[in-house]
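Below is one structure; the comments refer to it alone.
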Amino acid sequence: MPTTEANDRVRLVFSLFDADGNGVLEADDFELMGKRVVAAVPEAADGARSRLLDAFRRYWQTLLRELDADGDGRVSPEEFAAIVLDPQRFDATVDEFADALAAMGDPDGDGLVERTHFTALMTAIGFQRPNIDALFDAFEPVDGDRVPVPTWADGIRDYYRPEKAGIPGDHLTAGTVR
Ligand SMILES: [Ca+2]
Ligand SMILES: [Ca+2]
């Protein structure tokens, strides 16, 4: 059984990925979100941007393939909820997305994500400022308020784990769901 926290995390991610707010996920949401997120770090290299845009598209393709039970080309909240039931079907996609997003937060390539870039990217995805701040703090930033790229990428992977509770990613749902 997924934890309550995992269900909350998934509900939140659905509401954010529904970028046009029409209540279902479709290809346009991921184009909209992808453009918004890559624009958040203007100094990112072209390679990092196209990698993240590709990751958003791949993400959508995986959701469509795995979750569109009624085959209407859209993923409803009910269809999306099944994401927690069989997480290994999404592992490769989440992996790629996590690495691509975390890499965007490190435009100077020193292996560390500065808080300003983290905040810009997470704001572009649609998370709320207090939640973003709490998550960054939970990653225990060091060395001039920065966190290692893999720390963030692992945090994203954990966010999707149905069995996890009490993880840094739970700071993102505080005050937003239920
Ligand atoms: Ca939508
Ligand atoms: Ca559907």
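Please note that chains go A, B, ... in the order of the structure tokens, that every chain numbers its residues from 1, and that ligands are numbered from 1 in the order shown.
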For this session: Check which residues fall inside 8 Å of ligand 2 when counting only C-alpha atoms and all ligand atoms, and print them as a PyMOL selection string.
Result: chain A and resi 64+67-76+79
Using the selection just defined, write its residues with N, CA and C atoms as an mmCIF file, in the first residue's frame.
data_model
loop_
_atom_site.group_PDB
_atom_site.id
_atom_site.type_symbol
_atom_site.label_atom_id
_atom_site.label_comp_id
_atom_site.auth_asym_id
_atom_site.auth_seq_id
_atom_site.Cartn_x
_atom_site.Cartn_y
_atom_site.Cartn_z
ATOM 1 N N LEU A 64 1.140 8.411 -20.890
ATOM 2 C CA LEU A 64 0.104 8.064 -21.861
ATOM 3 C C LEU A 64 0.073 6.548 -22.080
ATOM 4 N N LEU A 67 -0.777 4.789 -18.399
ATOM 5 C CA LEU A 67 -1.892 5.180 -17.524
ATOM 6 C C LEU A 67 -3.187 5.551 -18.236
ATOM 7 N N ASP A 68 -3.129 5.739 -19.556
ATOM 8 C CA ASP A 68 -4.353 6.161 -20.250
ATOM 9 C C ASP A 68 -5.260 4.951 -20.469
ATOM 10 N N ALA A 69 -5.916 4.540 -19.410
ATOM 11 C CA ALA A 69 -6.689 3.291 -19.428
ATOM 12 C C ALA A 69 -7.824 3.330 -20.447
ATOM 13 N N ASP A 70 -8.485 4.479 -20.604
ATOM 14 C CA ASP A 70 -9.615 4.546 -21.535
ATOM 15 C C ASP A 70 -9.200 4.981 -22.940
ATOM 16 N N GLY A 71 -7.890 5.194 -23.145
ATOM 17 C CA GLY A 71 -7.388 5.454 -24.489
ATOM 18 C C GLY A 71 -7.867 6.736 -25.144
ATOM 19 N N ASP A 72 -8.192 7.759 -24.351
ATOM 20 C CA ASP A 72 -8.670 9.007 -24.958
ATOM 21 C C ASP A 72 -7.549 10.022 -25.196
ATOM 22 N N GLY A 73 -6.288 9.585 -24.983
ATOM 23 C CA GLY A 73 -5.165 10.490 -25.235
ATOM 24 C C GLY A 73 -4.942 11.498 -24.123
ATOM 25 N N ARG A 74 -5.675 11.356 -23.037
ATOM 26 C CA ARG A 74 -5.523 12.224 -21.882
ATOM 27 C C ARG A 74 -5.448 11.361 -20.632
ATOM 28 N N VAL A 75 -4.795 11.873 -19.604
ATOM 29 C CA VAL A 75 -4.698 11.122 -18.353
ATOM 30 C C VAL A 75 -5.499 11.869 -17.290
ATOM 31 N N SER A 76 -6.524 11.216 -16.792
ATOM 32 C CA SER A 76 -7.399 11.807 -15.780
ATOM 33 C C SER A 76 -6.772 11.626 -14.394
ATOM 34 N N GLU A 79 -6.900 7.991 -13.507
ATOM 35 C CA GLU A 79 -5.892 7.193 -14.218
ATOM 36 C C GLU A 79 -4.508 7.451 -13.632
#
Exercise. Just asking: which residues within range 6-176 of chain A are alpha helix (DSSP H) according to DSSP, as a PyMOL selection string?
Worked result: chain A and resi 6-17+27-38+46-67+77-80+91-104+115-125+129-138+149-159
Exercise. Which residues come within 12 Å of Val94 in chain A, counting only C-alpha atoms, excluding same-chain residues fewer than 3 positions away, as an MDAnalysis selection string?
Worked result: chainID A and resid 52 55:60 62:63 83 87:91 97:102 153:161
For this session: Would you list the contacts of range 30-45 of chain A as number ranges by chain, taking every protein, DNA or RNA residue within 9 Å and counting only C-alpha atoms, but skipping same-chain residues closer than 4 positions in sequence?
Result: A: 16-20, 25-26, 49-50, 52-57, 59-60, 101, 104-108, 117, 120-125
List the neighbours of Arg9 in chain A out to 9 Å using only C-alpha atoms; skip same-chain residues closer than 5 positions along the sequence, and give me the result as a PDB file with N, CA and C atoms, in the first residue's frame.
ATOM      1  N   THR A   4       0.210   7.455   2.880  1.00  0.00           N
ATOM      2  CA  THR A   4      -0.604   8.668   2.724  1.00  0.00           C
ATOM      3  C   THR A   4       0.232   9.782   2.114  1.00  0.00           C
ATOM      4  N   PHE A  14       0.123  15.842  -9.923  1.00  0.00           N
ATOM      5  CA  PHE A  14      -0.910  15.894 -10.967  1.00  0.00           C
ATOM      6  C   PHE A  14      -1.405  17.329 -11.163  1.00  0.00           C
ATOM      7  N   TYR A 159      10.648  11.103  -4.189  1.00  0.00           N
ATOM      8  CA  TYR A 159       9.318  11.723  -4.209  1.00  0.00           C
ATOM      9  C   TYR A 159       8.288  10.771  -4.815  1.00  0.00           C
ATOM     10  N   TYR A 160       8.713   9.986  -5.793  1.00  0.00           N
ATOM     11  CA  TYR A 160       7.804   9.082  -6.497  1.00  0.00           C
ATOM     12  C   TYR A 160       7.721   7.688  -5.880  1.00  0.00           C
ATOM     13  N   GLY A 169      11.018  15.435   0.319  1.00  0.00           N
ATOM     14  CA  GLY A 169       9.979  15.785  -0.644  1.00  0.00           C
ATOM     15  C   GLY A 169       8.615  16.023  -0.018  1.00  0.00           C
ATOM     16  N   ASP A 170       8.397  15.493   1.177  1.00  0.00           N
ATOM     17  CA  ASP A 170       7.111  15.732   1.838  1.00  0.00           C
ATOM     18  C   ASP A 170       6.929  17.200   2.216  1.00  0.00           C
ATOM     19  N   LEU A 172       7.096  19.463   0.218  1.00  0.00           N
ATOM     20  CA  LEU A 172       6.414  20.112  -0.908  1.00  0.00           C
ATOM     21  C   LEU A 172       4.896  20.057  -0.788  1.00  0.00           C
ATOM     22  N   THR A 173       4.378  19.071  -0.077  1.00  0.00           N
ATOM     23  CA  THR A 173       2.920  18.943   0.016  1.00  0.00           C
ATOM     24  C   THR A 173       2.361  19.649   1.258  1.00  0.00           C
ATOM     25  N   VAL A 177      -2.354  20.098   0.177  1.00  0.00           N
ATOM     26  CA  VAL A 177      -3.338  19.066  -0.157  1.00  0.00           C
ATOM     27  C   VAL A 177      -4.134  18.686   1.081  1.00  0.00           C
TER      28      VAL A 177
END
For this session: Assign secondary structure with DSSP using the backbone only, and return the residues of range 77-172 of chain A in strand (DSSP E) as a ChimeraX atom specification.
Result: /A:112-114,146-148
For this session: Rank A:Asn22, A:Thr176, A:Ser15, A:Asn7 by their smallest atom-to-atom distance to ligand 1, using only C-alpha atoms and all ligand atoms, and report the top residue only.
Result: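 Selected residue with least distance to ligand 1: A:Asn22.
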At a cut-off of 8 Å, using only C-alpha atoms, what residues contact Gly111 in chain A? Leave out same-chain residues fewer than 2 positions from it and give the result as a PDB file with C-alpha atoms, in the first residue's frame.
ATOM      1  CA  ASP A 106      23.801  23.612 -12.082  1.00  0.00           C
ATOM      2  CA  GLY A 109      28.727  22.689 -13.957  1.00  0.00           C
ATOM      3  CA  VAL A 113      22.853  23.604  -7.206  1.00  0.00           C
ATOM      4  CA  PRO A 148      24.987  18.528  -4.667  1.00  0.00           C
ATOM      5  CA  VAL A 149      23.206  17.737  -7.956  1.00  0.00           C
TER       6      VAL A 149
END
Exercise. CA of Ile132 in chain A to CA of Asp8 in chain A: how many Å, to one decimal?
Worked result: 16.0 Å
